[in-house]
file structure_23.csv (CSV, C-alpha atoms)
chain,number,residue,atom,x,y,z
T,1,SER,CA,47.1,55.4,-87.1
T,2,ILE,CA,46.7,57.9,-89.9
T,3,ALA,CA,46.7,56.3,-93.3
T,4,THR,CA,48.7,58.3,-95.8
T,5,SER,CA,49.4,57.7,-99.4
T,6,ALA,CA,52.1,59.1,-101.7
T,7,ALA,CA,49.9,60.8,-104.2
T,8,SER,CA,50.0,63.8,-106.5
T,9,GLY,CA,49.0,67.2,-105.3
T,10,ALA,CA,45.4,67.1,-106.5
T,11,GLU,CA,45.0,63.6,-105.1
T,12,LEU,CA,46.4,64.7,-101.8
T,13,GLN,CA,44.1,67.7,-101.6
T,14,ARG,CA,41.1,65.4,-102.3
T,15,GLU,CA,42.3,63.1,-99.5
T,16,GLN,CA,42.8,65.9,-97.1
T,17,HIS,CA,39.4,67.3,-97.8
T,18,ALA,CA,37.8,63.9,-97.3
T,19,ARG,CA,39.7,63.6,-94.0
T,20,SER,CA,38.5,66.9,-92.7
T,21,VAL,CA,34.9,66.2,-93.6
T,22,LEU,CA,35.0,62.8,-91.9
T,23,ARG,CA,36.7,64.2,-88.8
T,24,GLU,CA,34.3,67.1,-88.4
T,25,THR,CA,31.3,64.8,-88.7
T,26,PHE,CA,32.9,62.5,-86.1
T,27,LEU,CA,33.5,65.4,-83.7
T,28,ARG,CA,29.9,66.4,-84.1
T,29,CYS,CA,28.7,62.9,-83.3
T,30,LEU,CA,30.9,62.8,-80.1
T,31,LEU,CA,29.5,66.2,-79.2
T,32,SER,CA,25.9,65.0,-79.6
T,33,MET,CA,26.7,62.1,-77.2
T,34,ASN,CA,27.8,64.5,-74.4
T,35,ASN,CA,25.9,64.0,-71.1
T,36,LYS,CA,24.0,61.0,-72.5
T,37,LYS,CA,23.8,57.5,-71.2
T,38,VAL,CA,26.1,55.2,-73.1
T,39,ARG,CA,26.7,51.4,-73.0
T,40,PHE,CA,30.3,50.3,-73.5
T,41,HIS,CA,31.0,46.9,-75.0
T,42,MET,CA,34.4,45.9,-73.8
T,43,HIS,CA,36.7,43.0,-74.6
T,44,GLY,CA,35.9,39.8,-72.6
T,45,LYS,CA,32.1,40.3,-73.0
T,46,VAL,CA,32.1,43.1,-70.4
T,47,LYS,CA,29.3,45.6,-70.7
T,48,VAL,CA,29.2,48.7,-68.6
T,49,GLU,CA,27.0,51.8,-68.5
T,50,ALA,CA,28.1,55.4,-67.9
T,51,THR,CA,27.3,59.0,-68.8
T,52,PHE,CA,29.4,60.1,-71.7
T,53,GLY,CA,31.7,63.1,-71.3
T,54,ALA,CA,34.3,63.5,-73.9
T,55,SER,CA,37.2,61.8,-75.7
T,56,ASP,CA,40.8,63.1,-76.1
T,57,ILE,CA,41.9,64.2,-79.6
T,58,ASP,CA,43.6,61.0,-80.6
T,59,VAL,CA,40.6,59.0,-79.2
T,60,LEU,CA,42.8,57.1,-76.8
T,61,ASN,CA,40.6,57.7,-73.7
T,62,PHE,CA,36.9,58.4,-72.9
T,63,GLN,CA,36.0,60.5,-70.0
T,64,VAL,CA,32.8,59.3,-68.4
T,65,SER,CA,30.7,59.9,-65.2
T,66,ASP,CA,28.7,57.5,-63.1
T,67,LEU,CA,30.4,54.4,-64.4
T,68,HIS,CA,28.4,51.4,-63.3
T,69,THR,CA,31.0,48.7,-62.6
T,70,PRO,CA,30.4,45.2,-61.0
T,71,ILE,CA,31.9,46.5,-57.8
T,72,GLY,CA,30.0,49.8,-57.6
T,73,VAL,CA,29.5,53.2,-59.2
T,74,GLN,CA,32.6,55.2,-60.1
T,75,LYS,CA,31.7,58.9,-60.0
T,76,GLU,CA,34.3,59.9,-62.6
T,77,ALA,CA,36.4,57.7,-64.8
T,78,LEU,CA,38.6,57.4,-67.9
T,79,ILE,CA,38.1,54.4,-70.1
T,80,ARG,CA,41.0,53.4,-72.4
T,81,SER,CA,39.7,53.1,-75.9
T,82,GLN,CA,41.9,50.1,-76.5
T,83,ASP,CA,39.7,48.2,-74.0
T,84,VAL,CA,36.5,49.1,-75.9
T,85,ILE,CA,35.0,47.4,-78.9
T,86,SER,CA,32.0,49.7,-79.3
T,87,PHE,CA,29.7,52.0,-77.4
T,88,THR,CA,26.0,52.9,-78.0
T,89,VAL,CA,23.7,55.8,-77.3
T,90,ASP,CA,19.9,55.4,-77.5
T,91,GLU,CA,17.9,58.5,-78.1
G,1,MET,CA,39.8,42.6,-95.7
G,2,GLN,CA,40.7,41.4,-92.3
G,3,GLY,CA,42.6,43.9,-90.2
G,4,SER,CA,43.0,46.3,-93.1
G,5,TRP,CA,40.1,48.7,-92.3
G,6,SER,CA,42.3,51.2,-90.5
G,7,LEU,CA,44.7,51.3,-93.5
G,8,LEU,CA,42.1,52.1,-96.1
G,9,GLY,CA,42.3,55.9,-95.9
G,10,PRO,CA,39.8,58.7,-96.1
G,11,LEU,CA,38.9,58.3,-99.8
G,12,SER,CA,38.0,54.7,-99.4
G,13,TRP,CA,36.1,55.3,-96.2
G,14,THR,CA,34.1,58.0,-97.9
G,15,GLY,CA,32.7,55.3,-100.3
G,16,TYR,CA,31.0,53.6,-97.3
G,17,ILE,CA,29.2,56.8,-96.1
G,18,ASN,CA,25.4,56.7,-96.0
G,19,LYS,CA,25.3,52.9,-96.7
G,20,GLN,CA,23.9,50.3,-94.4
G,21,VAL,CA,26.8,48.2,-93.3
G,22,ASN,CA,27.5,45.1,-91.3
G,23,VAL,CA,30.6,45.4,-89.1
G,24,THR,CA,32.2,42.5,-87.4
G,25,ALA,CA,34.4,43.5,-84.4
G,26,GLY,CA,36.0,41.9,-81.4
G,27,THR,CA,35.1,38.2,-81.0
G,28,ASP,CA,32.0,37.2,-82.8
G,29,GLU,CA,30.3,40.6,-82.5
G,30,SER,CA,28.4,42.1,-85.4
G,31,HIS,CA,27.0,45.5,-85.6
G,32,GLN,CA,24.6,46.9,-88.2
G,33,GLY,CA,23.6,50.4,-89.1
G,34,TRP,CA,23.9,53.3,-91.5
G,35,LEU,CA,27.5,54.6,-91.6
G,36,VAL,CA,27.6,58.3,-90.8
G,37,THR,CA,31.3,58.8,-90.7
G,38,VAL,CA,34.7,57.3,-90.0
G,39,ASP,CA,37.1,59.0,-87.7
G,40,PRO,CA,40.3,59.5,-89.8
G,41,VAL,CA,42.4,59.4,-86.6
G,42,SER,CA,41.2,56.2,-85.0
G,43,ALA,CA,39.4,54.6,-88.0
G,44,SER,CA,36.3,54.3,-85.7
G,45,LEU,CA,32.9,54.0,-87.4
G,46,VAL,CA,29.8,55.8,-86.4
G,47,LEU,CA,26.7,53.8,-87.1
G,48,VAL,CA,23.1,55.0,-86.8
G,49,ASP,CA,20.1,52.8,-86.5
G,50,PHE,CA,16.5,54.0,-86.8
G,51,ARG,CA,14.4,52.0,-84.3
G,52,GLU,CA,10.8,51.0,-84.9
G,53,ASP,CA,9.6,53.1,-82.0
G,54,GLY,CA,10.9,56.2,-83.8
G,55,GLY,CA,14.0,56.6,-81.8
G,56,THR,CA,17.6,56.7,-83.1
G,57,SER,CA,20.6,54.8,-81.7
G,58,MET,CA,24.1,55.8,-82.5
G,59,GLU,CA,26.9,53.4,-82.1
G,60,VAL,CA,30.7,53.9,-82.4
G,61,VAL,CA,32.7,50.9,-83.3
G,62,MET,CA,36.4,51.3,-82.5
G,63,GLY,CA,38.7,51.1,-85.5
G,64,HIS,CA,41.2,48.8,-83.7
G,65,ALA,CA,38.5,46.2,-83.1
G,66,VAL,CA,37.1,46.1,-86.7
G,67,GLU,CA,37.6,42.8,-88.5
G,68,ASN,CA,35.4,43.2,-91.5
G,69,VAL,CA,33.0,45.7,-93.1
G,70,THR,CA,30.4,44.7,-95.7
G,71,VAL,CA,27.8,46.9,-97.4
G,72,LEU,CA,24.2,45.7,-97.1
G,73,HIS,CA,22.2,48.5,-98.7
G,74,GLU,CA,22.4,51.9,-100.2
G,75,ALA,CA,20.4,54.7,-98.7
G,76,ASP,CA,17.2,55.8,-100.5
G,77,GLU,CA,16.2,59.5,-100.5
G,78,VAL,CA,14.0,59.2,-97.4
G,79,THR,CA,16.8,57.6,-95.4
G,80,LEU,CA,19.4,60.1,-96.7
G,81,ASP,CA,17.1,62.9,-95.5
G,82,ARG,CA,16.7,61.2,-92.1
G,83,LEU,CA,20.4,60.8,-91.7
G,84,ARG,CA,21.0,64.4,-92.6
G,85,THR,CA,18.3,66.0,-90.4
G,86,SER,CA,17.8,63.9,-87.4
G,87,VAL,CA,21.3,62.8,-86.6
G,88,LEU,CA,23.5,65.7,-87.3
G,89,SER,CA,21.4,68.8,-87.2
G,90,PRO,CA,23.6,71.8,-86.3
G,91,ALA,CA,21.2,72.7,-83.5
G,92,THR,CA,21.9,69.5,-81.6
G,93,CYS,CA,25.6,69.4,-82.0
G,94,SER,CA,27.1,72.8,-82.9
G,95,LEU,CA,30.9,72.9,-82.7
G,96,ASP,CA,30.8,76.4,-81.1
G,97,PRO,CA,31.5,76.5,-77.4
call {"tool": "encode", "arguments": {"input": "structure_23.csv", "output": "structure tokens"}}
result
Amino acid sequence: SIATSAASGAELQREQHARSVLRETFLRCLLSMNNKKVRFHMHGKVKVEATFGASDIDVLNFQVSDLHTPIGVQKEALIRSQDVISFTVDE
Amino acid sequence: MQGSWSLLGPLSWTGYINKQVNVTAGTDESHQGWLVTVDPVSASLVLVDFREDGGTSMEVVMGHAVENVTVLHEADEVTLDRLRTSVLSPATCSLDP
């Protein structure tokens, strides 16, 4: 959800600038994770490993490869971000 | 501040940038690291941790799971430099295709 506030023009401009800086940095972070091994911490104490691909623009899904699940390795998969608590990359 | 993290908005999130934070998320999970950015769309936090072996780990905590965020430390000059150069150097993550 995008937080908005009814503010004056200058305030709104400041907010929009902050929003764009934050978003650009976030996209750069996602980009730096491309093709790297990530560990997903999911709800219910489930932890899975995969190779990070990308996320869609609203960050609703993550595209991953070689997802190691308890019943085998899934070559390509989409993970719903609602099921994820966090994910980590070690470099 | 429970459940309100995603409602704070960009100007408030910016105040947490480059600070070492403790984030509680999900059930009894806590995550620590230097806050690099917050995605304004999903309110997800990007945390960076410098390990003792010289490596860096980057963690994204999903905004929907965040329960609480507390500031632990402010970054000193050395850490600021490290955050700027090692994590987001344009060479490692250019937005150009």
call {"tool": "interface_residues", "arguments": {"input": "structure_23.csv", "of": "chain T", "to": "chain G", "cutoff": "7 Å", "atoms": "only C-alpha atoms", "output": "mmCIF file with C-alpha atoms, keeping the file's coordinate frame"}}
result
data_model
loop_
_atom_site.group_PDB
_atom_site.id
_atom_site.type_symbol
_atom_site.label_atom_id
_atom_site.label_comp_id
_atom_site.auth_asym_id
_atom_site.auth_seq_id
_atom_site.Cartn_x
_atom_site.Cartn_y
_atom_site.Cartn_z
ATOM 1 C CA SER T 1 47.100 55.400 -87.100
ATOM 2 C CA ILE T 2 46.700 57.900 -89.900
ATOM 3 C CA ALA T 3 46.700 56.300 -93.300
ATOM 4 C CA THR T 4 48.700 58.300 -95.800
ATOM 5 C CA GLU T 15 42.300 63.100 -99.500
ATOM 6 C CA ALA T 18 37.800 63.900 -97.300
ATOM 7 C CA ARG T 19 39.700 63.600 -94.000
ATOM 8 C CA LEU T 22 35.000 62.800 -91.900
ATOM 9 C CA ARG T 23 36.700 64.200 -88.800
ATOM 10 C CA THR T 25 31.300 64.800 -88.700
ATOM 11 C CA PHE T 26 32.900 62.500 -86.100
ATOM 12 C CA ARG T 28 29.900 66.400 -84.100
ATOM 13 C CA LEU T 31 29.500 66.200 -79.200
ATOM 14 C CA SER T 32 25.900 65.000 -79.600
ATOM 15 C CA HIS T 43 36.700 43.000 -74.600
ATOM 16 C CA ASP T 58 43.600 61.000 -80.600
ATOM 17 C CA VAL T 59 40.600 59.000 -79.200
ATOM 18 C CA VAL T 84 36.500 49.100 -75.900
ATOM 19 C CA ILE T 85 35.000 47.400 -78.900
ATOM 20 C CA SER T 86 32.000 49.700 -79.300
ATOM 21 C CA PHE T 87 29.700 52.000 -77.400
ATOM 22 C CA THR T 88 26.000 52.900 -78.000
ATOM 23 C CA VAL T 89 23.700 55.800 -77.300
ATOM 24 C CA ASP T 90 19.900 55.400 -77.500
ATOM 25 C CA GLU T 91 17.900 58.500 -78.100
#
call {"tool": "closest_residue", "arguments": {"input": "structure_23.csv", "among": "G:Thr85, G:Ser30, G:Thr70, G:Thr79", "to": "Gly15 of chain G", "atoms": "only C-alpha atoms"}}
result
G:Thr70
call {"tool": "residues_around", "arguments": {"input": "structure_23.csv", "residues": "Val71 of chain G", "least_positions_apart": "6", "cutoff": "8 Å", "atoms": "only C-alpha atoms", "output": "MDAnalysis selection string"}}
result
chainID G and resid 16 19:22
call {"tool": "atom_distance", "arguments": {"input": "structure_23.csv", "atom1": "atom CA of Asp28 of chain G", "atom2": "atom CA of Lys47 of chain T"}}
result
15.0 Å
call {"tool": "decode", "arguments": {"input": "structure_23.csv", "residues": "chain T", "atoms": "C-alpha atoms", "output": "mmCIF file, in the first residue's frame"}}
result
data_model
loop_
_atom_site.group_PDB
_atom_site.id
_atom_site.type_symbol
_atom_site.label_atom_id
_atom_site.label_comp_id
_atom_site.auth_asym_id
_atom_site.auth_seq_id
_atom_site.Cartn_x
_atom_site.Cartn_y
_atom_site.Cartn_z
ATOM 1 C CA SER T 1 0.000 0.000 0.000
ATOM 2 C CA ILE T 2 1.299 3.438 -0.848
ATOM 3 C CA ALA T 3 1.092 5.817 2.046
ATOM 4 C CA THR T 4 -0.152 9.219 0.994
ATOM 5 C CA SER T 5 -0.722 12.382 2.915
ATOM 6 C CA ALA T 6 -2.794 15.425 2.176
ATOM 7 C CA ALA T 7 0.000 17.963 2.226
ATOM 8 C CA SER T 8 0.943 21.258 0.659
ATOM 9 C CA GLY T 9 2.665 21.368 -2.739
ATOM 10 C CA ALA T 10 6.169 21.718 -1.324
ATOM 11 C CA GLU T 11 5.569 18.984 1.220
ATOM 12 C CA LEU T 12 4.200 16.713 -1.501
ATOM 13 C CA GLN T 13 7.228 17.390 -3.674
ATOM 14 C CA ARG T 14 9.560 16.511 -0.814
ATOM 15 C CA GLU T 15 7.629 13.329 -0.207
ATOM 16 C CA GLN T 16 7.687 12.360 -3.877
ATOM 17 C CA HIS T 17 11.423 12.990 -4.043
ATOM 18 C CA ALA T 18 12.000 10.806 -0.966
ATOM 19 C CA ARG T 19 9.767 8.135 -2.516
ATOM 20 C CA SER T 20 11.753 8.100 -5.755
ATOM 21 C CA VAL T 21 15.131 7.930 -3.999
ATOM 22 C CA LEU T 22 13.953 5.054 -1.785
ATOM 23 C CA ARG T 23 12.457 3.170 -4.730
ATOM 24 C CA GLU T 24 15.514 3.560 -6.941
ATOM 25 C CA THR T 25 17.805 2.277 -4.188
ATOM 26 C CA PHE T 26 15.436 -0.644 -3.596
ATOM 27 C CA LEU T 27 15.473 -1.561 -7.308
ATOM 28 C CA ARG T 28 19.280 -1.404 -7.301
ATOM 29 C CA CYS T 29 19.342 -3.761 -4.311
ATOM 30 C CA LEU T 30 17.047 -6.254 -6.058
ATOM 31 C CA LEU T 31 19.195 -5.996 -9.167
ATOM 32 C CA SER T 32 22.333 -6.741 -7.170
ATOM 33 C CA MET T 33 20.675 -9.960 -5.939
ATOM 34 C CA ASN T 34 20.029 -11.236 -9.446
ATOM 35 C CA ASN T 35 21.415 -14.731 -10.019
ATOM 36 C CA LYS T 36 22.576 -15.069 -6.432
ATOM 37 C CA LYS T 37 21.705 -17.722 -3.879
ATOM 38 C CA VAL T 38 19.003 -16.531 -1.510
ATOM 39 C CA ARG T 39 17.452 -18.031 1.608
ATOM 40 C CA PHE T 40 13.757 -17.354 2.050
ATOM 41 C CA HIS T 41 12.277 -17.318 5.548
ATOM 42 C CA MET T 42 8.601 -18.094 5.115
ATOM 43 C CA HIS T 43 5.678 -18.210 7.527
ATOM 44 C CA GLY T 44 5.473 -21.373 9.623
ATOM 45 C CA LYS T 45 9.243 -21.517 10.151
ATOM 46 C CA VAL T 46 9.799 -22.772 6.602
ATOM 47 C CA LYS T 47 13.216 -21.971 5.131
ATOM 48 C CA VAL T 48 13.999 -22.604 1.470
ATOM 49 C CA GLU T 49 16.937 -21.812 -0.782
ATOM 50 C CA ALA T 50 16.838 -20.708 -4.400
ATOM 51 C CA THR T 51 18.603 -18.600 -7.000
ATOM 52 C CA PHE T 52 17.077 -15.134 -7.104
ATOM 53 C CA GLY T 53 15.692 -13.903 -10.403
ATOM 54 C CA ALA T 54 13.426 -10.901 -10.138
ATOM 55 C CA SER T 55 10.329 -9.446 -8.553
ATOM 56 C CA ASP T 56 7.303 -7.883 -10.248
ATOM 57 C CA ILE T 57 6.818 -4.125 -9.907
ATOM 58 C CA ASP T 58 4.399 -4.292 -6.963
ATOM 59 C CA VAL T 59 6.627 -6.846 -5.222
ATOM 60 C CA LEU T 60 3.810 -9.405 -5.113
ATOM 61 C CA ASN T 61 5.870 -12.307 -6.493
ATOM 62 C CA PHE T 62 9.500 -13.343 -6.721
ATOM 63 C CA GLN T 63 10.776 -15.328 -9.654
ATOM 64 C CA VAL T 64 13.416 -17.867 -8.606
ATOM 65 C CA SER T 65 15.316 -20.816 -10.094
ATOM 66 C CA ASP T 66 16.433 -24.093 -8.500
ATOM 67 C CA LEU T 67 14.051 -23.802 -5.576
ATOM 68 C CA HIS T 68 15.040 -26.419 -3.004
ATOM 69 C CA THR T 69 11.792 -27.681 -1.482
ATOM 70 C CA PRO T 70 11.374 -30.591 0.954
ATOM 71 C CA ILE T 71 10.047 -32.719 -1.928
ATOM 72 C CA GLY T 72 12.713 -31.886 -4.449
ATOM 73 C CA VAL T 73 14.232 -29.142 -6.573
ATOM 74 C CA GLN T 74 11.869 -27.002 -8.640
ATOM 75 C CA LYS T 75 13.689 -25.705 -11.716
ATOM 76 C CA GLU T 76 11.684 -22.478 -11.989
ATOM 77 C CA ALA T 77 9.182 -21.065 -9.523
ATOM 78 C CA LEU T 78 7.234 -18.010 -8.424
ATOM 79 C CA ILE T 79 7.054 -17.306 -4.704
ATOM 80 C CA ARG T 80 4.219 -15.171 -3.393
ATOM 81 C CA SER T 81 5.672 -12.344 -1.335
ATOM 82 C CA GLN T 82 2.758 -12.649 1.122
ATOM 83 C CA ASP T 83 4.181 -16.042 2.155
ATOM 84 C CA VAL T 84 7.633 -14.570 2.793
ATOM 85 C CA ILE T 85 8.847 -12.903 5.980
ATOM 86 C CA SER T 86 12.350 -12.138 4.760
ATOM 87 C CA PHE T 87 15.099 -13.278 2.406
ATOM 88 C CA THR T 88 18.869 -13.072 2.656
ATOM 89 C CA VAL T 89 21.814 -12.995 0.281
ATOM 90 C CA ASP T 90 25.373 -13.626 1.526
ATOM 91 C CA GLU T 91 28.215 -12.186 -0.505
#
